[in-house]
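Single-structure report; data block below.
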Protein chains: 2
Amino acid sequence: MADPISNLVSQLCRLPGVGTKSAQRLAYFILDMPESEAREIAKAINDARDKIHHCPICGNYTDTDPCAICRDASRKTGVICVVRDARDVVAMEKMREFRGTYHVLGGTISPMDGIGPDDIRIKELLQRIDEGGVSEVILATNPDVEGEATAVYISKLLKQRGVKATRIAHGIPIGGNLEYVDEMTLLKAMEGRREM
Amino acid sequence: MADPISNLVSQLCRLPGVGTKSAQRLAYFILDMPESEAREIAKAINDARDKIHHCPICGNYTDTDPCAICRDASRKTGVICVVRDARDVVAMEKMREFRGTYHVLGGTISPMDGIGPDDIRIKELLQRIDEGGVSEVILATNPDVEGEATAVYISKLLKQRGVKATRIAHGIPIGGNLEYVDEMTLLKAMEGRREM
């Protein structure tokens, strides 16, 4: 295989879920496609890295300052939904229901990986709260060990400041099946039961 | 989602096997990774399109003229293995057994898609044969309708020129199971049976 092809294959291998075999398939596809289209893919990668940065307020990826959500006057700045990643904001926005703002942590506390509270955007969240006007912080980190620890850690800081901290509900997903759900989820679903 | 991100997502969607969901995952991964690594992926795409072209002899992708295989004096130029795509050459070379040369057609005859004999590199193959010294042409197109039709079409032209044409064997793959093999493959395996 010619050097520029094998280099392209090894670069594509860096992408998640792309092994050598599929990187090879992608590389030949990129060689086979019209040249302008291949160039557009490269340009889109460079453009994204040129124009996208973190919103100075919420930390979400944006090409404007502040981001479209933080600029939107119709959104309630008093309710902040805390998520781990920018992609979690996309998931939340798909719901078309939440009208507050976000705070993207850019990670979760994980001592095993050497990530402490100072390595994620907790300080920036507290600054926003100290500026006043925040009535509720929804902790929407993932229901895994790190996400849970991060939510607990932040909720303590919020209580000190007298700000209401809520956690998104865990339970059986819609369309899910009791039989196939793991015990932890079932436990959370039982704990979180409500009167009908 | 900011425009440069959604543009990156739609560009990545052009790649085979990449749907909106995984394109989104790839796009955020590209934004999250160190900037230099993201730039290297874009550069690898541009480099491949800058440097890679078709070998003037065999039609394989190469960054040299002619390609490494056509330049290799130890290979038998009298035996030409005809394949559809450049990736088929990679598959053949992995075998480390074939010491002849290749001819990449760049497609197969497919009247349904409007691809006739003149749209693939058959003319160039006949030129190589007319230059003399070719004793055998191995037709290694895929065992599908188009590949079979292309092999039959080329074999007729070769017979007119008195050049031996062979077809790679079809049958049960190694590790395959009679029970799960389709009838056409089984038929080919029976037809191709050899005395032990």
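How things are named: the first chain in the structure tokens is A, the next is B, and so on; residues count from 1 in each chain; ligands count from 1 in the order shown.
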
**OP:** From the DSSP assignment of the backbone, select every residue of chain B that is helix (DSSP H, G or I), and format the answer as a PyMOL selection string.
**Re:** chain B and resi 3-12+20-32+35-51+68-71+86-94+111-113+117-119+122-130+145-160+178-180+183-191

**OP:** Up to 9 Å from chain A, what residues of chain B turn up? Count only C-alpha atoms and give them as a ChimeraX atom specification.
**Re:** /B:1-5,7-9,11-12,14-16,24-31,35,37-49,51-53,61-64,67-68,86-87,90

Subject >> Among listed residues A:Val152, A:Met184, A:Val163, A:Met112, nearest Arg128 of chain A (using only C-alpha atoms) >> reply: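 Closest residue, counting only C-alpha atoms: A:Val163.
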
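For the residues A:Gln127, A:Thr101, A:Ser74, A:Thr20, ranking by smallest atom-to-atom distance to Arg161 of chain A using only C-alpha atoms places A:Gln127 first.
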
Original post:
When you draw a straight line from atom CA of Met95 of chain A to atom CA of Arg167 of chain A, how long is it in Å?
Top reply: 17.1 Å

**OP:** Taking the DSSP assignment computed from this structure's backbone, write out as a ChimeraX atom specification all residues of chain A that belong to strand (DSSP E or B).
**Re:** /A:53-54,61-62,76-83,100-104,110,115,136-139,164-167

Original post:
For Asp72 of chain A, which of A:Thr185, A:Tyr180, A:Gly100, A:Gly171 is the closest residue, counting only C-alpha atoms?
Top reply: A:Gly100

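Taking only C-alpha atoms into account, Ile120 of chain B lies nearest to B:Arg84 out of the set B:Lys156, B:Arg194, B:Lys164, B:Arg84.
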
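Residues with any atom within 8 Å of Leu125 of chain A, counting only C-alpha atoms and excluding same-chain neighbours fewer than 4 positions away, are His103, Arg121 and Ile129 of chain A.
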
Original post:
In Å, with one decimal, what is the gap from atom CA of Ala23 of chain A to atom CA of Cys70 of chain B?
Top reply: 25.5 Å

Original post:
Leaving out Glu146 of chain A and any residue of its chain fewer than 6 positions from it, which residues lie within 7 Å of it when counting only C-alpha atoms, given as an MDAnalysis selection string?
Top reply: chainID A and resid 108:110

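Across the model, the gap from atom CA of Ala151 of chain B to atom CA of Gly116 of chain B is 13.2 Å.
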
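Every protein, DNA or RNA residue with an atom at most 8 Å from Val137 of chain B, where only C-alpha atoms count and chain neighbours fewer than 6 positions away do not, is listed here: Val79, Ile80, Cys81, Val82, Val163, Lys164, Ala165 and Thr166 of chain B.
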
Original post:
Given the choices A:Ile168, A:Val83, A:Asp113, A:Gln160, which gets closest to Thr141 of chain A if the distance is worked out from only C-alpha atoms?
Top reply: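 Closest residue, counting only C-alpha atoms: A:Val83.
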
Subject >> Long-range neighbours of Arg99 of chain B as a PyMOL selection string, 7 Å cut-off, only C-alpha atoms, 2 positions minimum in chain >> reply: chain B and resi 75-76+97+101

Write the selection just made, keeping N, CA, C and O atoms, as a CSV table (one decimal), in the first residue's frame?
```
chain,number,residue,atom,x,y,z
B,75,ARG,N,9.0,-9.7,-10.1
B,75,ARG,CA,7.7,-10.2,-10.4
B,75,ARG,C,7.5,-10.6,-11.8
B,75,ARG,O,8.1,-10.0,-12.7
B,76,LYS,N,6.7,-11.7,-12.0
B,76,LYS,CA,6.5,-12.2,-13.4
B,76,LYS,C,5.5,-11.3,-14.1
B,76,LYS,O,4.3,-11.3,-13.8
B,97,GLU,N,1.7,-14.8,-1.9
B,97,GLU,CA,1.9,-16.0,-2.7
B,97,GLU,C,2.0,-15.7,-4.2
B,97,GLU,O,2.9,-16.3,-4.9
B,101,THR,N,1.8,-9.8,-11.8
B,101,THR,CA,1.4,-8.4,-11.7
B,101,THR,C,-0.1,-8.3,-11.8
B,101,THR,O,-0.8,-9.4,-11.9
```
